[in-house]
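Have a look at upload_9.tsv below; it lists TSV, C-alpha atoms (C1' of nucleotides).
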chain	number	residue	atom	x	y	z
A	121	MET	CA	0.00	0.00	0.00
A	122	ARG	CA	1.11	3.55	-0.66
A	123	ILE	CA	1.86	6.06	2.03
A	124	GLY	CA	-1.41	7.95	1.66
A	125	GLU	CA	-3.52	4.92	2.47
A	126	LEU	CA	-1.26	3.94	5.34
A	127	SER	CA	-1.59	7.46	6.68
A	128	LYS	CA	-5.37	7.30	6.52
A	129	ARG	CA	-5.51	3.89	8.15
A	130	THR	CA	-3.21	4.74	11.04
A	131	GLY	CA	-3.99	8.39	11.58
A	132	LEU	CA	-0.29	9.23	11.32
A	133	SER	CA	0.90	11.93	8.97
A	134	ARG	CA	2.90	11.03	5.89
A	135	ASP	CA	5.81	12.91	7.33
A	136	THR	CA	5.69	10.86	10.50
A	137	ILE	CA	5.62	7.64	8.53
A	138	ARG	CA	8.60	8.70	6.44
A	139	PHE	CA	10.34	9.78	9.62
A	140	TYR	CA	9.83	6.33	11.15
A	141	GLU	CA	11.12	4.72	8.01
A	142	ARG	CA	14.31	6.80	8.11
A	143	ARG	CA	14.69	5.66	11.70
A	144	GLY	CA	14.45	2.06	10.57
A	145	LEU	CA	11.21	1.22	12.36
A	146	ILE	CA	9.35	0.23	9.23
A	147	ALA	CA	10.41	-0.58	5.70
A	148	SER	CA	9.00	-0.20	2.24
A	149	GLU	CA	9.87	-1.56	-1.15
A	150	PRO	CA	9.55	0.11	-4.51
A	151	GLU	CA	6.23	-0.71	-6.13
A	152	PRO	CA	6.84	-3.81	-8.23
A	153	GLY	CA	7.35	-3.17	-11.91
A	154	GLN	CA	6.96	0.57	-11.56
A	155	THR	CA	9.32	3.27	-12.61
A	156	ASN	CA	8.05	5.81	-10.13
A	157	ARG	CA	9.81	6.20	-6.80
A	158	TYR	CA	6.73	5.57	-4.70
A	159	ARG	CA	7.06	3.55	-1.52
A	160	SER	CA	4.98	0.43	-1.08
A	161	TYR	CA	4.30	-0.86	2.40
A	162	PRO	CA	3.21	-4.37	3.30
A	163	GLU	CA	-0.11	-4.81	5.05
A	164	GLU	CA	1.54	-5.61	8.39
A	165	THR	CA	3.00	-2.12	8.59
A	166	VAL	CA	-0.38	-1.01	9.92
A	167	LEU	CA	0.16	-3.31	12.89
A	168	THR	CA	3.74	-2.18	13.39
A	169	LEU	CA	2.63	1.44	13.51
A	170	GLU	CA	-0.07	0.61	16.02
A	171	LEU	CA	2.58	-1.18	18.08
A	172	ILE	CA	4.78	1.89	17.95
A	173	GLY	CA	1.93	3.97	19.29
A	174	GLU	CA	1.34	1.63	22.19
A	175	ALA	CA	5.03	1.47	22.94
A	176	GLN	CA	5.28	5.24	23.01
A	177	ASP	CA	2.34	5.45	25.35
A	178	ALA	CA	4.23	2.98	27.51
A	179	GLY	CA	7.17	5.37	27.59
A	180	MET	CA	9.50	3.68	25.14
A	181	THR	CA	11.71	5.79	22.92
A	182	LEU	CA	12.12	5.26	19.20
A	183	ALA	CA	15.69	4.15	19.89
A	184	ASP	CA	14.41	1.38	22.17
A	185	LEU	CA	11.85	0.45	19.58
A	186	THR	CA	14.48	0.07	16.92
A	187	VAL	CA	16.11	-2.61	19.06
A	188	PHE	CA	12.83	-4.20	19.99
A	189	ILE	CA	11.51	-4.41	16.45
A	190	ALA	CA	14.77	-5.94	15.29
A	191	GLN	CA	14.26	-8.62	17.94
A	192	LEU	CA	10.74	-9.37	16.76
A	193	GLY	CA	12.19	-10.66	13.54
A	194	ALA	CA	15.36	-12.32	14.77
A	195	ASP	CA	14.96	-15.82	16.14
A	196	ASP	CA	17.95	-15.53	18.41
A	197	SER	CA	19.56	-12.74	20.28
A	198	VAL	CA	22.50	-12.57	22.61
A	199	ASP	CA	21.51	-9.76	24.90
A	200	GLY	CA	17.85	-9.87	23.98
A	201	GLU	CA	16.65	-11.30	27.26
A	202	ALA	CA	18.40	-8.67	29.34
A	203	PHE	CA	17.09	-5.91	27.11
A	204	LEU	CA	13.54	-7.19	27.25
A	205	ASP	CA	13.67	-7.77	30.99
A	206	ALA	CA	14.78	-4.19	31.49
A	207	ARG	CA	12.05	-2.80	29.24
A	208	ILE	CA	9.41	-4.95	30.95
A	209	ALA	CA	10.45	-3.69	34.37
A	210	GLU	CA	10.37	-0.10	33.15
A	211	VAL	CA	6.94	-0.39	31.63
A	212	GLU	CA	5.55	-2.12	34.69
A	213	ALA	CA	6.88	0.66	36.88
A	214	ARG	CA	5.45	3.31	34.61
A	215	ILE	CA	2.04	1.69	34.61
A	216	ALA	CA	2.08	1.48	38.40
A	217	ARG	CA	2.98	5.16	38.71
A	218	SER	CA	0.38	6.11	36.12
A	219	LYS	CA	-2.24	4.30	38.17
A	220	ARG	CA	-1.22	6.18	41.28
A	221	PHE	CA	-1.62	9.41	39.41
A	222	LEU	CA	-4.97	8.29	38.07
A	223	LYS	CA	-6.15	7.84	41.63
A	224	THR	CA	-5.11	11.39	42.43
A	225	LEU	CA	-6.92	12.63	39.35
A	226	ARG	CA	-10.08	10.78	40.33
A	227	ALA	CA	-9.92	12.01	43.90
A	228	THR	CA	-9.54	15.57	42.68
A	229	ARG	CA	-12.45	15.11	40.34
A	230	ALA	CA	-14.58	13.78	43.16
A	231	ALA	CA	-13.67	16.65	45.48
A	232	LEU	CA	-14.49	19.13	42.76
A	233	GLY	CA	-17.81	17.46	42.06
A	234	ARG	CA	-18.79	17.88	45.69
A	235	ALA	CA	-17.58	21.47	45.95
A	236	ALA	CA	-19.53	22.45	42.87
A	237	ARG	CA	-22.95	21.79	44.37
B	714	MET	CA	14.09	23.49	52.92
B	715	ARG	CA	16.71	24.70	50.49
B	716	ILE	CA	17.01	23.49	46.93
B	717	GLY	CA	19.95	21.19	47.64
B	718	GLU	CA	18.06	19.11	50.14
B	719	LEU	CA	14.99	19.02	47.94
B	720	SER	CA	17.16	17.83	45.10
B	721	LYS	CA	18.62	15.04	47.21
B	722	ARG	CA	15.25	13.94	48.51
B	723	THR	CA	13.54	13.84	45.12
B	724	GLY	CA	16.40	12.81	42.89
B	725	LEU	CA	15.72	15.77	40.62
B	726	SER	CA	18.49	18.15	39.66
B	727	ARG	CA	18.52	21.69	41.02
B	728	ASP	CA	18.12	22.94	37.49
B	729	THR	CA	15.02	20.85	37.01
B	730	ILE	CA	13.55	22.13	40.25
B	731	ARG	CA	14.21	25.73	39.29
B	732	PHE	CA	12.78	24.99	35.86
B	733	TYR	CA	9.57	23.68	37.41
B	734	GLU	CA	9.36	26.73	39.60
B	735	ARG	CA	9.68	29.04	36.60
B	736	ARG	CA	6.87	27.06	35.03
B	737	GLY	CA	4.74	27.68	38.09
B	738	LEU	CA	4.48	24.06	39.23
B	739	ILE	CA	6.00	24.69	42.63
B	740	ALA	CA	6.68	27.79	44.66
B	741	SER	CA	9.26	28.95	47.17
B	742	GLU	CA	9.54	31.82	49.53
B	743	PRO	CA	12.61	33.71	50.59
B	744	GLU	CA	14.12	32.23	53.74
B	745	PRO	CA	12.47	34.11	56.61
B	746	GLY	CA	14.59	36.87	58.07
B	747	GLN	CA	17.45	36.27	55.71
B	748	THR	CA	19.11	38.68	53.37
B	749	ASN	CA	20.36	36.06	50.97
B	750	ARG	CA	18.32	35.22	47.92
B	751	TYR	CA	18.02	31.53	48.69
B	752	ARG	CA	14.76	29.79	47.95
B	753	SER	CA	12.98	28.00	50.73
B	754	TYR	CA	10.54	25.24	49.86
B	755	PRO	CA	7.82	23.92	52.13
B	756	GLU	CA	7.90	20.26	53.06
B	757	GLU	CA	4.99	19.38	50.79
B	758	THR	CA	7.00	20.29	47.73
B	759	VAL	CA	8.54	16.83	47.97
B	760	LEU	CA	5.08	15.38	47.40
B	761	THR	CA	4.30	17.77	44.59
B	762	LEU	CA	7.48	16.78	42.80
B	763	GLU	CA	6.66	13.10	43.24
B	764	LEU	CA	3.22	13.84	41.82
B	765	ILE	CA	4.78	15.53	38.82
B	766	GLY	CA	6.86	12.44	38.18
B	767	GLU	CA	3.83	10.18	38.27
B	768	ALA	CA	1.88	12.54	36.06
B	769	GLN	CA	4.64	12.60	33.49
B	770	ASP	CA	4.81	8.84	33.48
B	771	ALA	CA	1.08	8.95	32.83
B	772	GLY	CA	1.76	11.10	29.78
B	773	MET	CA	0.74	14.51	31.08
B	774	THR	CA	2.61	17.55	29.90
B	775	LEU	CA	3.88	20.27	32.20
B	776	ALA	CA	1.29	22.59	30.68
B	777	ASP	CA	-1.47	20.22	31.76
B	778	LEU	CA	0.09	19.93	35.17
B	779	THR	CA	0.08	23.67	35.63
B	780	VAL	CA	-3.69	23.64	35.26
B	781	PHE	CA	-4.10	20.54	37.39
B	782	ILE	CA	-1.99	21.81	40.26
B	783	ALA	CA	-3.85	25.10	40.25
B	784	GLN	CA	-7.03	23.09	40.68
B	785	LEU	CA	-5.63	21.15	43.61
B	786	GLY	CA	-5.58	24.36	45.59
B	787	ALA	CA	-8.72	26.05	44.33
B	788	ASP	CA	-11.95	24.94	45.96
B	789	ASP	CA	-14.01	25.81	42.94
B	790	SER	CA	-13.43	25.75	39.27
B	791	VAL	CA	-15.64	26.50	36.34
B	792	ASP	CA	-14.22	24.21	33.70
B	793	GLY	CA	-12.43	21.99	36.17
B	794	GLU	CA	-14.68	19.02	35.78
B	795	ALA	CA	-14.41	18.96	32.02
B	796	PHE	CA	-10.65	19.31	32.22
B	797	LEU	CA	-10.32	16.53	34.75
B	798	ASP	CA	-12.67	14.23	32.88
B	799	ALA	CA	-10.62	14.69	29.75
B	800	ARG	CA	-7.35	13.99	31.58
B	801	ILE	CA	-8.82	10.92	33.26
B	802	ALA	CA	-9.97	9.51	29.95
B	803	GLU	CA	-6.55	10.14	28.40
B	804	VAL	CA	-4.68	8.50	31.22
B	805	GLU	CA	-7.00	5.50	31.24
B	806	ALA	CA	-6.48	5.06	27.53
B	807	ARG	CA	-2.75	5.36	27.87
B	808	ILE	CA	-2.64	2.77	30.62
B	809	ALA	CA	-4.73	0.39	28.53
B	810	ARG	CA	-2.41	0.80	25.57
B	811	SER	CA	0.65	0.42	27.76
B	812	LYS	CA	-0.73	-2.86	29.03
B	813	ARG	CA	-1.27	-4.09	25.52
B	814	PHE	CA	2.31	-3.28	24.74
B	815	LEU	CA	3.45	-4.99	27.91
B	816	LYS	CA	1.77	-8.17	26.72
B	817	THR	CA	3.67	-7.95	23.46
B	818	LEU	CA	6.90	-7.42	25.36
B	819	ARG	CA	6.24	-10.45	27.56
B	820	ALA	CA	5.31	-12.63	24.62
B	821	THR	CA	8.50	-11.64	22.85
B	822	ARG	CA	10.48	-12.37	25.97
B	823	ALA	CA	8.88	-15.79	26.25
B	824	ALA	CA	9.55	-16.65	22.64
B	825	LEU	CA	13.14	-15.59	23.03
B	826	GLY	CA	13.52	-17.66	26.17
B	827	ARG	CA	12.40	-20.74	24.28
B	828	ALA	CA	14.53	-20.06	21.24
B	829	ALA	CA	17.64	-19.63	23.37
B	830	ARG	CA	17.75	-23.22	24.64
C	833	DC	C1'	-5.75	15.88	-21.50
C	834	DA	C1'	-5.53	19.18	-18.02
C	835	DA	C1'	-6.43	19.89	-13.17
C	836	DA	C1'	-6.40	17.78	-8.90
C	837	DA	C1'	-4.48	14.66	-5.95
C	838	DC	C1'	-0.38	12.00	-4.76
C	839	DC	C1'	4.38	11.09	-4.00
C	840	DG	C1'	9.57	12.06	-3.34
C	841	DT	C1'	13.71	14.57	-1.31
C	842	DT	C1'	16.13	18.02	1.26
C	843	DG	C1'	16.62	20.89	4.79
C	844	DA	C1'	15.04	24.06	8.03
C	845	DC	C1'	12.05	24.66	11.86
C	846	DT	C1'	9.15	23.74	16.20
C	847	DC	C1'	8.06	22.21	20.74
C	848	DT	C1'	8.88	20.01	25.12
C	849	DA	C1'	11.64	19.26	28.78
C	850	DC	C1'	15.42	19.72	30.36
C	851	DT	C1'	20.81	20.64	30.97
C	852	DC	C1'	24.95	23.35	31.03
C	853	DC	C1'	27.81	27.23	31.42
C	854	DA	C1'	29.53	31.66	33.29
C	855	DT	C1'	29.57	34.79	36.72
C	856	DG	C1'	29.04	36.18	41.28
C	857	DG	C1'	27.13	36.13	46.00
C	858	DT	C1'	26.44	33.22	50.73
C	859	DT	C1'	27.20	29.42	54.19
C	860	DT	C1'	29.50	25.89	56.19
C	861	DT	C1'	33.41	23.61	57.80
C	862	DG	C1'	38.13	21.99	59.10
D	1365	DC	C1'	39.40	32.65	58.10
D	1366	DA	C1'	40.08	30.47	53.86
D	1367	DA	C1'	38.52	26.72	51.09
D	1368	DA	C1'	34.80	23.99	49.97
D	1369	DA	C1'	30.13	23.66	49.34
D	1370	DC	C1'	25.98	25.87	48.26
D	1371	DC	C1'	22.91	29.22	45.98
D	1372	DA	C1'	21.17	32.73	42.24
D	1373	DT	C1'	20.47	34.60	37.50
D	1374	DG	C1'	20.70	34.74	32.59
D	1375	DG	C1'	21.23	32.75	28.56
D	1376	DA	C1'	22.78	29.23	25.42
D	1377	DG	C1'	22.60	24.43	24.09
D	1378	DT	C1'	20.70	19.56	23.67
D	1379	DA	C1'	17.79	15.51	22.67
D	1380	DG	C1'	13.68	13.49	21.14
D	1381	DA	C1'	9.95	13.48	18.10
D	1382	DG	C1'	8.04	15.27	14.87
D	1383	DT	C1'	6.33	19.17	11.32
D	1384	DC	C1'	6.56	22.28	7.37
D	1385	DA	C1'	7.87	24.41	3.05
D	1386	DA	C1'	9.76	24.34	-1.42
D	1387	DC	C1'	10.36	22.23	-5.58
D	1388	DG	C1'	9.56	18.80	-8.86
D	1389	DG	C1'	7.91	14.31	-10.57
D	1390	DT	C1'	3.59	10.76	-11.17
D	1391	DT	C1'	-1.32	9.20	-11.09
D	1392	DT	C1'	-5.97	9.75	-11.13
D	1393	DT	C1'	-10.08	11.70	-12.57
D	1394	DG	C1'	-13.87	14.55	-14.57

Let me see the file written as C-alpha cells.
Amino acid sequence: MRIGELSKRTGLSRDTIRFYERRGLIASEPEPGQTNRYRSYPEETVLTLELIGEAQDAGMTLADLTVFIAQLGADDSVDGEAFLDARIAEVEARIARSKRFLKTLRATRAALGRAAR
Amino acid sequence: MRIGELSKRTGLSRDTIRFYERRGLIASEPEPGQTNRYRSYPEETVLTLELIGEAQDAGMTLADLTVFIAQLGADDSVDGEAFLDARIAEVEARIARSKRFLKTLRATRAALGRAAR
DNA sequence: CAAAACCGTTGACTCTACTCCATGGTTTTG
DNA sequence: CAAAACCATGGAGTAGAGTCAACGGTTTTG
C-alpha cells in the first residue's frame, strides 16, 4: 500500500511515517514493476505502527523500539533477554505510577464534584 | 528546605527544580529573616514533585500539570470538571495501551527464552 | 488531456523538557 | 578565616519526536 492509504488507516501523517522509516522502524519496497519512486508498504505495517503507538504510550523511545523491532524478527539474540527484561520492568513501573496518578486525578475530580454543588 | 536538600530527597536536579518553579508548578519563599536570595521550599514540595513524576509517566505535559496543580488548591473551578474528565480519559487510555504493549513485550520475551535453549 | 491529488527529497524549523555554562554572592566547615 | 560547598540569574545548548515548506515528478479523474 502507498503512504497515503497507510496514513489514513493509522492516523499518522505522511511525514511521521517517512520519519519512522528513516529511523528504521518500518520498511518499504519500490512498487513492483513501476518506474516511479513511490514507496509500497506491506499490510503488516499497519500493525507495526499501532505497536509503535502503544510502545510510546508505555514510555519507550524510538531508539528502544528500533532494538525491539529488530528482535521481533530475529529468532535468536545474545543480549535480547536482558534488554527485554529491562524494558518490561520499566513499563511495569510506569504503569504502576500512572495508576497512582490516576487515583489522584479521580480524587480531585470527586472533590471538585462535591464542591460544585 | 533549600534546593539542595529538595534535590537530594527527590532525585531531581537543582536545574530541574528551578525549571519547574519558573513554570509555576512549585513555589518557594525567601528564607524568613534572611538577606540572601536563597529559595525555601515547604515540606509538601517533595510530594508535589513526586506527583509531577507520576503525572509525566502517565503522559501529562507540564502545561497540563500547571492547570491541574492550580485546581488542587482552588476549591471551585468552572471548567475543572471537564478538564479533569478529559485527563482521566486520556490516562486511562494510555494505561490500557501500555498494558497491551506490555503483553507484546512479555510474549516476545517468552519466545526468546524458548529459542535460546 | 488538463487539473487535482499524490508522492519524493532536502533541509530548516518547532516544541517540550530539560541541561549546562559563566559569573558572582552566601554558608558551612576543618 | 580560607577553602569547599551551596545558591542565584541569565542565557545558550541539547535531545527526542516530529512538522513544514519548497520544488519537482507521477497518477488519477472529470

For chain A, work out the contacting residues on chain B at 10 Å, counting only C-alpha atoms, and write them as a PyMOL selection string.
-> chain B and resi 763-773+781+784-785+787-791+793-798+800-819+821-830

Skipping near chain neighbours, those fewer than 4 positions away, what residues fall within 8 Å of DA1372 of chain D using only C-alpha atoms (C1' of nucleotides), listed as a list in words?
-> Arg750 and Tyr751 of chain B; DG857 of chain C

Expected residue set, 9 Å radius at (12.9, 14.3, 26.4), only C-alpha atoms (C1' of nucleotides), as a PyMOL selection string | (chain C and resi 848-850) or (chain D and resi 1379-1381)

Tell me which protein, DNA and RNA residues are within 12 Å of segment 1365-1367 of chain D, counting all atoms listed in the file, leaving out same-chain ones fewer than 5 positions away, and put them as a PyMOL selection string.
-> chain C and resi 860-862

Neighbours of chain D in chain B at 10 Å, counting all atoms listed in the file, as a PDB file with C-alpha atoms, keeping the file's coordinate frame:
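What landed in result06.pdb:
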ATOM      1  CA  ARG B 715      16.710  24.700  50.490  1.00  0.00           C
ATOM      2  CA  ILE B 716      17.010  23.490  46.930  1.00  0.00           C
ATOM      3  CA  GLY B 717      19.950  21.190  47.640  1.00  0.00           C
ATOM      4  CA  ASN B 749      20.360  36.060  50.970  1.00  0.00           C
ATOM      5  CA  ARG B 750      18.320  35.220  47.920  1.00  0.00           C
ATOM      6  CA  TYR B 751      18.020  31.530  48.690  1.00  0.00           C
ATOM      7  CA  ARG B 752      14.760  29.790  47.950  1.00  0.00           C
TER       8      ARG B 752
END

Please determine an axis-aligned box that encloses all atoms of segment 836-855 of chain C listed in the file, with 6 Å added on each side, and express its centre and edge lengths in Å to one decimal as AutoDock Vina command-line options.
--center_x 11.6 --center_y 22.9 --center_z 13.9 --size_x 48.0 --size_y 35.7 --size_z 57.6

If we count all atoms listed in the file, which residues of chain C reach to within 9 Å of chain A? Please list them as a ChimeraX atom specification.
-> /C:838-840

Tell me, as a count of residues only, which residues lie within 10 Å of segment 732-748 of chain B, counting all atoms listed in the file; anything in the same chain fewer than 3 positions away does not count.
-> 29

Separation of atom CA of Gly131 of chain A and atom CA of Leu167 of chain A, in Å?
->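 Between atom CA of Gly131 of chain A and atom CA of Leu167 of chain A the gap is 12.5 Å.
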
In Å, with one decimal, what is the gap from atom CA of Lys721 of chain B to atom C1' of DT859 of chain C?
-> 18.1 Å
